[in-house]
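A.B. asks: Provided herewith is a single structure, encoded as structure tokens, for subsequent inquiry.
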Amino acid sequence: MSNLDPVLSHIDENLSAATERLFELMRIPSISTDPAFKEHCDAAADWLVSDLASMGVTATKRATPGHPMVVGHTNGTGKHVTFYGHYDVQPVDPLDLWHSDPFAPALEDTDAGKVIRGRGAADDKGQLMTFVEACRAWIAVHGSLPINVSFFFEGEEESGSPSLIPFMRENKDELSSDLALICDTGMFDPKTPAISTQLRGLLGEELTITGPRIDLHSGMYGGAAINPIRVLSKIIASLHDAEGRVTVPGFYEGVPEMSPELQKQWEDLNFDDAAFLEAVGLSELAGEHGKTALEMLWARPTCEVNGINAGYTGDGFKTVLPSKASAKISFRLVGTQDPHAIREAFRQMVQDALPADCSVEFKGHGNSSAVQMSTADPAFEKARLALSDEWPNPAAFVGCGGSIPIAGHFKTELDTDAMLIGFGRDDDAIHSPNEKYDLESFHKGMRSWARVLDALSR
């Protein structure tokens, strides 16, 4: 019998106890965005310190200008990993849409099986505890972990992580390790585990075009006066060509081509583009011609208009030429695209398109580069094979259409690559009423991490 087998058996035999521990943590309303819940965030940090200590982990609560961090260390040998999770949760509004108390977690039967219902079930308390419980099982069976593990839990992820980077810089030596593990992502589908190795970056731009100094009557000035809506519309329409490619000068500098190996792996996932669109009432892909939906979502950059504000939009009709027209535009970035260079190129493109009687003001809404993990590290393939042993379908290296800043921070602040493994599902309703986490995700998540720990020790 391998060292792993009794650990997996221990997890199976103690599922009820592990679930109740998760419920204890979920009962704490650790809403980081609302100052009224500050004491509860402190309580959640204290709970985690106590729980780690009960396993023999040296753990402490660390003060920050905001909510505390929790840091813990084991005395294992061999490969050193740092596991990151966050204990804070989103607000529960609108409360009237919840079917039960958000902070009274319970098991619930559904057509798809048992689920854990309550705020934080999937984001991120349930995911965080899959790793903690895997470590607990290893220690209970063998007295120690198969590798050296540090724990790093944050309490401000849902409120923008204002204390995170300063804390990482101040504690760089303590938090650095061979590899960071993050459990804040999901499965590819309920039977296929995933390791996210590509995270798109994000650049936000808001522009306001001003024409006449006041709103004008369209009967008195229409045709003779410049209309900022027309100018803005022309600029927006020019951002893509007939092939769906973004036209900002230099935009595709740093966009890599997919390797044949990764292309094959994604093809083997048999993602149904038509079903993906049909679920939201659509039928045709609208991005770059010749690219699949997964390529567009995971490996290609985008430019999207997220909002437009101009003129009269109330009830009835008002024949006005507005003085101003504004839009909010976001760019998802991949590879080594430079958000600063793209911002400058976009703004110059807009400036060049302005008629003589128009001016423009810009407001930036953050920028972050894409993150690409090096799967050449043997740890990634070891983890992929370990996950494949637990789930019905082989695990895949996948991309992530959104942005997970902590993965980039590990690289830029600690020079540590991150491995993102999560067991969430698309219907978990994170950030929404009636959040849930499948009991299978929690159970097999623990077993998965136990397997990954074993694989990384070899």
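Chains: A, B, ... in order of the structure tokens. Residues: from 1 per chain. Ligands: from 1, in order shown.
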Using only C-alpha atoms, which residues sit within 12 Å of Leu354 (chain A) once same-chain residues fewer than 6 positions away are excluded, as JSON, numbers by chain?

C.D. replies: {"A": [208, 209, 210, 211, 226, 227, 228, 229, 230, 231, 232, 233, 234, 235, 347, 348, 360, 361]}

A.B. asks: Keeping only C-alpha atoms, write the selected residues to a file as a short mmCIF file (atom, residue, chain, number, x, y, z; two decimals), in the first residue's frame.

C.D. replies:
```
data_model
loop_
_atom_site.label_atom_id
_atom_site.label_comp_id
_atom_site.auth_asym_id
_atom_site.auth_seq_id
_atom_site.Cartn_x
_atom_site.Cartn_y
_atom_site.Cartn_z
CA THR A 208 -15.47 61.61 -22.79
CA ILE A 209 -15.77 63.56 -26.02
CA THR A 210 -16.95 67.17 -25.80
CA GLY A 211 -18.29 69.14 -28.77
CA ILE A 226 -20.86 68.48 -34.64
CA ASN A 227 -22.60 65.76 -32.62
CA PRO A 228 -20.27 64.04 -30.08
CA ILE A 229 -22.37 60.86 -30.27
CA ARG A 230 -21.61 60.59 -33.98
CA VAL A 231 -17.91 61.12 -33.31
CA LEU A 232 -17.87 58.55 -30.50
CA SER A 233 -19.81 56.02 -32.58
CA LYS A 234 -17.34 56.34 -35.45
CA ILE A 235 -14.39 55.80 -33.10
CA ARG A 347 -5.50 57.39 -26.71
CA GLN A 348 -3.46 58.58 -29.69
CA VAL A 360 -11.43 64.37 -25.35
CA GLU A 361 -10.69 63.52 -21.73
#
```

A.B. asks: For Asp427 (chain A), please output as a PyMOL selection string all residues within 12 Å (counting only C-alpha atoms; exclusion window: fewer than 6 positions along the same chain).

C.D. replies: chain A and resi 112+115+122+186-187+189-190+433-438

A.B. asks: Show me, as an mmCIF file with N, CA and C atoms, in the first residue's frame, the residues that have an atom within 8 Å of Ala407 (chain A) when counting only C-alpha atoms, minus same-chain residues fewer than 3 positions from it.

C.D. replies:
```cif
data_model
loop_
_atom_site.group_PDB
_atom_site.id
_atom_site.type_symbol
_atom_site.label_atom_id
_atom_site.label_comp_id
_atom_site.auth_asym_id
_atom_site.auth_seq_id
_atom_site.Cartn_x
_atom_site.Cartn_y
_atom_site.Cartn_z
ATOM 1 N N ILE A 182 -2.893 27.935 -5.677
ATOM 2 C CA ILE A 182 -4.063 28.789 -5.485
ATOM 3 C C ILE A 182 -5.310 27.977 -5.811
ATOM 4 N N VAL A 371 -0.774 36.828 -17.276
ATOM 5 C CA VAL A 371 0.125 35.939 -16.543
ATOM 6 C C VAL A 371 0.169 34.603 -17.269
ATOM 7 N N ILE A 404 -6.902 37.041 -12.377
ATOM 8 C CA ILE A 404 -6.740 36.691 -10.967
ATOM 9 C C ILE A 404 -5.441 37.342 -10.505
ATOM 10 N N PHE A 410 2.343 36.940 -7.177
ATOM 11 C CA PHE A 410 3.342 35.949 -6.776
ATOM 12 C C PHE A 410 4.555 36.021 -7.698
ATOM 13 N N LYS A 411 4.303 36.238 -8.989
ATOM 14 C CA LYS A 411 5.404 36.269 -9.948
ATOM 15 C C LYS A 411 6.194 37.566 -9.826
ATOM 16 N N ASP A 417 6.226 31.130 -9.520
ATOM 17 C CA ASP A 417 5.132 30.730 -10.397
ATOM 18 C C ASP A 417 3.976 30.199 -9.559
ATOM 19 N N ALA A 418 2.771 30.355 -10.095
ATOM 20 C CA ALA A 418 1.576 29.902 -9.380
ATOM 21 C C ALA A 418 0.884 28.799 -10.174
#
```

A.B. asks: Can you tell me which residues surround Arg119 (chain A) at a distance of at most 10 Å, considering only C-alpha atoms, apart from same-chain residues fewer than 6 positions away, and format the answer as a list in words?

C.D. replies: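 After dropping sequence-adjacent residues, the list is Met26, Arg27, Ile28, Pro29, Ser30, Ile31, Val89, Gln90, Pro91, Val92, Asp101, Pro102, Phe103, Ala104, Pro105, Lys125, Gly126, Ala429, Ile430, His431, Ser432, Pro433, Asn434, Glu435, Lys436 and Tyr437 of chain A.
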
A.B. asks: Write out, as a PDB file, in the first residue's frame, the residues just selected, with N, CA and C atoms.

C.D. replies:
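Dumped to part26.pdb:
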```pdb
ATOM      1  N   MET A  26     -17.881  29.128   7.623  1.00  0.00           N
ATOM      2  CA  MET A  26     -18.886  29.828   6.823  1.00  0.00           C
ATOM      3  C   MET A  26     -19.890  30.595   7.684  1.00  0.00           C
ATOM      4  N   ARG A  27     -20.068  30.186   8.927  1.00  0.00           N
ATOM      5  CA  ARG A  27     -21.008  30.896   9.798  1.00  0.00           C
ATOM      6  C   ARG A  27     -20.496  32.277  10.202  1.00  0.00           C
ATOM      7  N   ILE A  28     -19.210  32.517  10.004  1.00  0.00           N
ATOM      8  CA  ILE A  28     -18.628  33.821  10.345  1.00  0.00           C
ATOM      9  C   ILE A  28     -18.841  34.762   9.162  1.00  0.00           C
ATOM     10  N   PRO A  29     -19.601  35.858   9.313  1.00  0.00           N
ATOM     11  CA  PRO A  29     -19.907  36.758   8.190  1.00  0.00           C
ATOM     12  C   PRO A  29     -18.754  37.709   7.882  1.00  0.00           C
ATOM     13  N   SER A  30     -17.700  37.178   7.309  1.00  0.00           N
ATOM     14  CA  SER A  30     -16.456  37.934   7.090  1.00  0.00           C
ATOM     15  C   SER A  30     -16.532  38.739   5.789  1.00  0.00           C
ATOM     16  N   ILE A  31     -17.410  39.725   5.759  1.00  0.00           N
ATOM     17  CA  ILE A  31     -17.602  40.591   4.594  1.00  0.00           C
ATOM     18  C   ILE A  31     -16.580  41.722   4.669  1.00  0.00           C
ATOM     19  N   VAL A  89     -15.575  37.323   2.227  1.00  0.00           N
ATOM     20  CA  VAL A  89     -16.647  36.980   1.296  1.00  0.00           C
ATOM     21  C   VAL A  89     -17.340  38.246   0.795  1.00  0.00           C
ATOM     22  N   GLN A  90     -18.133  38.066  -0.231  1.00  0.00           N
ATOM     23  CA  GLN A  90     -18.920  39.152  -0.799  1.00  0.00           C
ATOM     24  C   GLN A  90     -20.125  39.492   0.098  1.00  0.00           C
ATOM     25  N   PRO A  91     -20.646  40.720   0.019  1.00  0.00           N
ATOM     26  CA  PRO A  91     -21.911  41.025   0.683  1.00  0.00           C
ATOM     27  C   PRO A  91     -23.018  40.107   0.163  1.00  0.00           C
ATOM     28  N   VAL A  92     -24.114  40.016   0.908  1.00  0.00           N
ATOM     29  CA  VAL A  92     -25.174  39.068   0.557  1.00  0.00           C
ATOM     30  C   VAL A  92     -26.364  39.723  -0.134  1.00  0.00           C
ATOM     31  N   ASP A 101     -30.819  31.506   5.156  1.00  0.00           N
ATOM     32  CA  ASP A 101     -29.861  32.424   5.761  1.00  0.00           C
ATOM     33  C   ASP A 101     -28.484  32.210   5.124  1.00  0.00           C
ATOM     34  N   PRO A 102     -27.874  33.251   4.531  1.00  0.00           N
ATOM     35  CA  PRO A 102     -26.573  33.084   3.873  1.00  0.00           C
ATOM     36  C   PRO A 102     -25.472  32.591   4.801  1.00  0.00           C
ATOM     37  N   PHE A 103     -25.623  32.884   6.113  1.00  0.00           N
ATOM     38  CA  PHE A 103     -24.580  32.490   7.059  1.00  0.00           C
ATOM     39  C   PHE A 103     -25.051  31.373   7.995  1.00  0.00           C
ATOM     40  N   ALA A 104     -25.999  30.588   7.508  1.00  0.00           N
ATOM     41  CA  ALA A 104     -26.420  29.368   8.194  1.00  0.00           C
ATOM     42  C   ALA A 104     -26.239  28.212   7.206  1.00  0.00           C
ATOM     43  N   PRO A 105     -24.993  27.838   6.923  1.00  0.00           N
ATOM     44  CA  PRO A 105     -24.718  26.848   5.875  1.00  0.00           C
ATOM     45  C   PRO A 105     -25.356  25.500   6.189  1.00  0.00           C
ATOM     46  N   LYS A 125     -14.153  29.951   0.827  1.00  0.00           N
ATOM     47  CA  LYS A 125     -13.925  29.153   2.030  1.00  0.00           C
ATOM     48  C   LYS A 125     -13.936  27.658   1.739  1.00  0.00           C
ATOM     49  N   GLY A 126     -14.880  27.215   0.913  1.00  0.00           N
ATOM     50  CA  GLY A 126     -14.912  25.799   0.572  1.00  0.00           C
ATOM     51  C   GLY A 126     -13.667  25.361  -0.175  1.00  0.00           C
ATOM     52  N   ALA A 429     -22.887  30.190  -8.476  1.00  0.00           N
ATOM     53  CA  ALA A 429     -23.496  31.477  -8.093  1.00  0.00           C
ATOM     54  C   ALA A 429     -22.615  32.255  -7.119  1.00  0.00           C
ATOM     55  N   ILE A 430     -21.303  32.273  -7.382  1.00  0.00           N
ATOM     56  CA  ILE A 430     -20.435  33.078  -6.531  1.00  0.00           C
ATOM     57  C   ILE A 430     -20.802  34.552  -6.718  1.00  0.00           C
ATOM     58  N   HIS A 431     -20.711  35.322  -5.659  1.00  0.00           N
ATOM     59  CA  HIS A 431     -21.056  36.748  -5.621  1.00  0.00           C
ATOM     60  C   HIS A 431     -22.570  36.974  -5.739  1.00  0.00           C
ATOM     61  N   SER A 432     -23.350  35.923  -5.832  1.00  0.00           N
ATOM     62  CA  SER A 432     -24.793  36.054  -6.043  1.00  0.00           C
ATOM     63  C   SER A 432     -25.556  35.396  -4.907  1.00  0.00           C
ATOM     64  N   PRO A 433     -26.872  35.627  -4.837  1.00  0.00           N
ATOM     65  CA  PRO A 433     -27.684  34.913  -3.850  1.00  0.00           C
ATOM     66  C   PRO A 433     -27.634  33.404  -4.082  1.00  0.00           C
ATOM     67  N   ASN A 434     -27.772  32.657  -2.989  1.00  0.00           N
ATOM     68  CA  ASN A 434     -27.847  31.194  -3.014  1.00  0.00           C
ATOM     69  C   ASN A 434     -26.572  30.526  -3.534  1.00  0.00           C
ATOM     70  N   GLU A 435     -25.429  31.114  -3.189  1.00  0.00           N
ATOM     71  CA  GLU A 435     -24.140  30.508  -3.531  1.00  0.00           C
ATOM     72  C   GLU A 435     -24.092  29.075  -3.018  1.00  0.00           C
ATOM     73  N   LYS A 436     -23.441  28.217  -3.793  1.00  0.00           N
ATOM     74  CA  LYS A 436     -23.316  26.817  -3.378  1.00  0.00           C
ATOM     75  C   LYS A 436     -21.976  26.247  -3.812  1.00  0.00           C
ATOM     76  N   TYR A 437     -21.632  25.110  -3.249  1.00  0.00           N
ATOM     77  CA  TYR A 437     -20.433  24.346  -3.617  1.00  0.00           C
ATOM     78  C   TYR A 437     -20.834  22.886  -3.555  1.00  0.00           C
TER      79      TYR A 437
END
```

A.B. asks: May I ask which of the residues A:Asp124, A:Glu261, A:Asp42, A:Glu133 is the closest one to Ser54 (chain A), counting only C-alpha atoms?

C.D. replies: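 Between A:Asp124, A:Glu261, A:Asp42, A:Glu133, the residue approaching Ser54 (chain A) most closely is A:Glu133.
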
A.B. asks: Contacts between region 243-251 of chain A and region 266-317 of chain A, please, where a residue of region 266-317 of chain A counts if it comes within 6 Å (with only C-alpha atoms); show its shortest atom pair and distance in Å to one decimal, rows by chain and ascending number, as a Markdown table.

C.D. replies:
```
| residue | atom | partner | partner_atom | distance |
| --- | --- | --- | --- | --- |
| A:Gly287 | CA | A:Gly244 | CA | 5.2 |
| A:Glu288 | CA | A:Gly244 | CA | 4.3 |
| A:His289 | CA | A:Glu243 | CA | 5.5 |
```

A.B. asks: Could you find all residues in region 218-295 of chain A that DSSP calls strand (DSSP E or B) from the backbone, and write them as a PyMOL selection string?

C.D. replies: chain A and resi 222+225+240+246

A.B. asks: Restrict the selected residues to C-alpha atoms and save them as a PDB file, in the first residue's frame.

C.D. replies:
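Below is the file that was written, part_33.pdb:
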```pdb
ATOM      1  CA  GLY A 222     -28.670  69.633 -36.428  1.00  0.00           C
ATOM      2  CA  ALA A 225     -23.068  71.447 -35.444  1.00  0.00           C
ATOM      3  CA  HIS A 240     -12.359  46.332 -35.076  1.00  0.00           C
ATOM      4  CA  VAL A 246      -8.547  44.999 -32.970  1.00  0.00           C
TER       5      VAL A 246
END
```

A.B. asks: Just give me the gap between CA of Leu25 (chain A) and CA of Ala44 (chain A) in Å, one decimal is fine.

C.D. replies: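 Here the two named atoms are 6.6 Å from each other.
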
A.B. asks: Please provide the set of residues having any atom within 10 Å of Ile195 (chain A), restricted to only C-alpha atoms, with same-chain residues fewer than 2 positions apart removed, written as a list of chain:residue names.

C.D. replies: A:Cys183, A:Thr185, A:Gly186, A:Met187, A:Phe188, A:Pro193, A:Thr197, A:Gln198, A:Phe380, A:Glu381, A:Ala383, A:Arg384, A:Leu387, A:Ala395, A:Ala396, A:Phe397, A:Val398, A:Gly399, A:Cys400, A:Met419, A:Leu420, A:Ile421, A:Gly422

A.B. asks: Could the residues in this selection be written to a file with C-alpha atoms, as a CSV table (one decimal), in the first residue's frame?

C.D. replies:
```csv
chain,number,residue,atom,x,y,z
A,183,CYS,CA,-7.5,27.3,-5.1
A,185,THR,CA,-10.7,28.6,-9.9
A,186,GLY,CA,-13.0,25.9,-11.3
A,187,MET,CA,-13.4,22.7,-13.2
A,188,PHE,CA,-13.6,22.7,-17.0
A,193,PRO,CA,-10.4,18.9,-13.6
A,197,THR,CA,-2.0,28.2,-16.8
A,198,GLN,CA,-3.0,31.4,-18.7
A,380,PHE,CA,2.6,21.0,-13.5
A,381,GLU,CA,2.6,17.7,-15.3
A,383,ALA,CA,-0.2,17.7,-10.7
A,384,ARG,CA,-2.1,17.2,-14.0
A,387,LEU,CA,-5.8,15.2,-10.8
A,395,ALA,CA,-7.1,17.0,-16.3
A,396,ALA,CA,-6.3,19.7,-18.8
A,397,PHE,CA,-4.1,22.9,-18.9
A,398,VAL,CA,-6.6,25.6,-19.6
A,399,GLY,CA,-6.7,29.4,-19.9
A,400,CYS,CA,-8.8,31.8,-17.9
A,419,MET,CA,-0.4,26.8,-10.0
A,420,LEU,CA,-4.2,27.4,-10.0
A,421,ILE,CA,-6.3,24.4,-9.3
A,422,GLY,CA,-10.0,24.8,-8.3
```

A.B. asks: Quick one: contact table of region 110-163 of chain A to region 445-455 of chain A, 9 Å max, nearest atom pair and distance in Å to one decimal per residue, counting only C-alpha atoms, chain and number order, as CSV?

C.D. replies:
```
residue,atom,partner,partner_atom,distance
A:Gln127,CA,A:Gly445,CA,7.8
A:Met129,CA,A:Met446,CA,8.0
A:Thr130,CA,A:Met446,CA,4.5
A:Phe131,CA,A:Trp449,CA,5.9
A:Val132,CA,A:Met446,CA,8.2
A:Glu133,CA,A:Met446,CA,6.2
A:Ala134,CA,A:Met446,CA,5.0
A:Cys135,CA,A:Ala450,CA,7.1
A:Ala137,CA,A:Ala450,CA,8.0
A:Trp138,CA,A:Ala450,CA,7.4
A:Leu145,CA,A:Leu453,CA,8.0
A:Pro146,CA,A:Asp454,CA,6.3
A:Ile147,CA,A:Leu453,CA,6.9
```

A.B. asks: Any chance you can output those residues with N, CA and C atoms as a PDB file, in the first residue's frame?

C.D. replies:
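again.pdb written:
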```pdb
ATOM      1  N   GLN A 127     -13.224  26.185  -1.106  1.00  0.00           N
ATOM      2  CA  GLN A 127     -12.024  25.865  -1.874  1.00  0.00           C
ATOM      3  C   GLN A 127     -10.793  25.877  -0.971  1.00  0.00           C
ATOM      4  N   MET A 129     -10.628  25.305   2.193  1.00  0.00           N
ATOM      5  CA  MET A 129     -10.624  24.183   3.136  1.00  0.00           C
ATOM      6  C   MET A 129     -10.373  22.838   2.468  1.00  0.00           C
ATOM      7  N   THR A 130     -10.545  22.730   1.147  1.00  0.00           N
ATOM      8  CA  THR A 130     -10.173  21.466   0.508  1.00  0.00           C
ATOM      9  C   THR A 130      -8.686  21.199   0.718  1.00  0.00           C
ATOM     10  N   PHE A 131      -7.875  22.246   0.607  1.00  0.00           N
ATOM     11  CA  PHE A 131      -6.429  22.069   0.795  1.00  0.00           C
ATOM     12  C   PHE A 131      -6.098  21.841   2.264  1.00  0.00           C
ATOM     13  N   VAL A 132      -6.699  22.620   3.143  1.00  0.00           N
ATOM     14  CA  VAL A 132      -6.426  22.463   4.574  1.00  0.00           C
ATOM     15  C   VAL A 132      -6.783  21.054   5.024  1.00  0.00           C
ATOM     16  N   GLU A 133      -7.932  20.544   4.566  1.00  0.00           N
ATOM     17  CA  GLU A 133      -8.354  19.205   4.989  1.00  0.00           C
ATOM     18  C   GLU A 133      -7.457  18.121   4.405  1.00  0.00           C
ATOM     19  N   ALA A 134      -6.948  18.333   3.197  1.00  0.00           N
ATOM     20  CA  ALA A 134      -5.994  17.364   2.640  1.00  0.00           C
ATOM     21  C   ALA A 134      -4.737  17.307   3.497  1.00  0.00           C
ATOM     22  N   CYS A 135      -4.264  18.478   3.929  1.00  0.00           N
ATOM     23  CA  CYS A 135      -3.090  18.522   4.813  1.00  0.00           C
ATOM     24  C   CYS A 135      -3.405  17.863   6.157  1.00  0.00           C
ATOM     25  N   ALA A 137      -5.434  15.456   6.754  1.00  0.00           N
ATOM     26  CA  ALA A 137      -5.453  14.005   6.604  1.00  0.00           C
ATOM     27  C   ALA A 137      -4.039  13.439   6.533  1.00  0.00           C
ATOM     28  N   TRP A 138      -3.141  14.090   5.790  1.00  0.00           N
ATOM     29  CA  TRP A 138      -1.756  13.623   5.720  1.00  0.00           C
ATOM     30  C   TRP A 138      -1.115  13.615   7.105  1.00  0.00           C
ATOM     31  N   LEU A 145       3.547  16.261   6.622  1.00  0.00           N
ATOM     32  CA  LEU A 145       3.212  16.383   5.212  1.00  0.00           C
ATOM     33  C   LEU A 145       4.353  15.841   4.355  1.00  0.00           C
ATOM     34  N   PRO A 146       4.049  15.411   3.129  1.00  0.00           N
ATOM     35  CA  PRO A 146       5.111  14.849   2.276  1.00  0.00           C
ATOM     36  C   PRO A 146       6.040  15.907   1.697  1.00  0.00           C
ATOM     37  N   ILE A 147       5.649  17.174   1.756  1.00  0.00           N
ATOM     38  CA  ILE A 147       6.497  18.278   1.315  1.00  0.00           C
ATOM     39  C   ILE A 147       6.383  19.406   2.333  1.00  0.00           C
TER      40      ILE A 147
END
```

A.B. asks: Which distance in Å separates CA of Asp5 (chain A) and CA of Ala18 (chain A), to one decimal?

C.D. replies: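 Spanning CA of Asp5 (chain A) to CA of Ala18 (chain A) is a straight-line distance of 18.3 Å.
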
A.B. asks: Work out how far CA of Ser388 (chain A) is from CA of Pro260 (chain A), in Å to one decimal.

C.D. replies: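 These two atoms are separated by 21.1 Å.
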
A.B. asks: Mind the document's chain letters and residue numbers, and return as a ChimeraX atom specification the residues of region 71-320 of chain A that DSSP labels alpha helix (DSSP H).

C.D. replies: /A:125-142,164-170,172-175,218-221,228-237,260-268,273-278,293-294

A.B. asks: Can you list, as a PyMOL selection string, every protein, DNA or RNA residue that comes within 9 Å of Asp415 (chain A) when you count only C-alpha atoms, leaving out same-chain residues fewer than 6 positions away?

C.D. replies: chain A and resi 176-177+409

A.B. asks: Save out the residues we just selected, N, CA and C atoms, as a PDB file, in the first residue's frame.

C.D. replies:
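Saved result, selection07.pdb, follows:
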```pdb
ATOM      1  N   SER A 176       8.152  33.523   0.142  1.00  0.00           N
ATOM      2  CA  SER A 176       8.710  32.937  -1.074  1.00  0.00           C
ATOM      3  C   SER A 176       8.847  31.428  -0.936  1.00  0.00           C
ATOM      4  N   SER A 177       8.675  30.733  -2.047  1.00  0.00           N
ATOM      5  CA  SER A 177       8.798  29.275  -2.049  1.00  0.00           C
ATOM      6  C   SER A 177       9.075  28.807  -3.468  1.00  0.00           C
ATOM      7  N   HIS A 409       0.861  38.659  -8.817  1.00  0.00           N
ATOM      8  CA  HIS A 409       1.625  39.219  -7.702  1.00  0.00           C
ATOM      9  C   HIS A 409       2.678  38.228  -7.201  1.00  0.00           C
TER      10      HIS A 409
END
```

A.B. asks: Please identify all polymer residues within 12 Å of Glu174 (chain A), counting only C-alpha atoms, omitting same-chain residues fewer than 4 positions from it, and present them as a PyMOL selection string.

C.D. replies: chain A and resi 71-73+80-82+149-152+167-170+414

A.B. asks: Closest to Leu203 (chain A) among A:Lys291, A:Lys38, A:Lys363, A:Arg62, using only C-alpha atoms?

C.D. replies: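 Counting only C-alpha atoms, the residue closest to Leu203 (chain A) is A:Lys363.
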
A.B. asks: With only C-alpha atoms counted and 7 Å as the cut-off, give the residues of region 182-273 of chain A in contact with region 329-340 of chain A, each with its shortest interatomic distance in Å and the pair that gives it, as CSV.

C.D. replies:
```
residue,atom,partner,partner_atom,distance
A:Arg200,CA,A:Val334,CA,5.1
A:Gly201,CA,A:Leu333,CA,4.6
A:Leu202,CA,A:Arg332,CA,4.7
A:Leu203,CA,A:Phe331,CA,5.0
A:Gly204,CA,A:Ser330,CA,4.5
A:Glu205,CA,A:Ile329,CA,5.2
A:Glu206,CA,A:Ile329,CA,6.2
A:Glu253,CA,A:Gln337,CA,6.1
A:Gly254,CA,A:Thr336,CA,4.6
A:Val255,CA,A:Gly335,CA,5.1
A:Pro256,CA,A:Gly335,CA,5.8
```
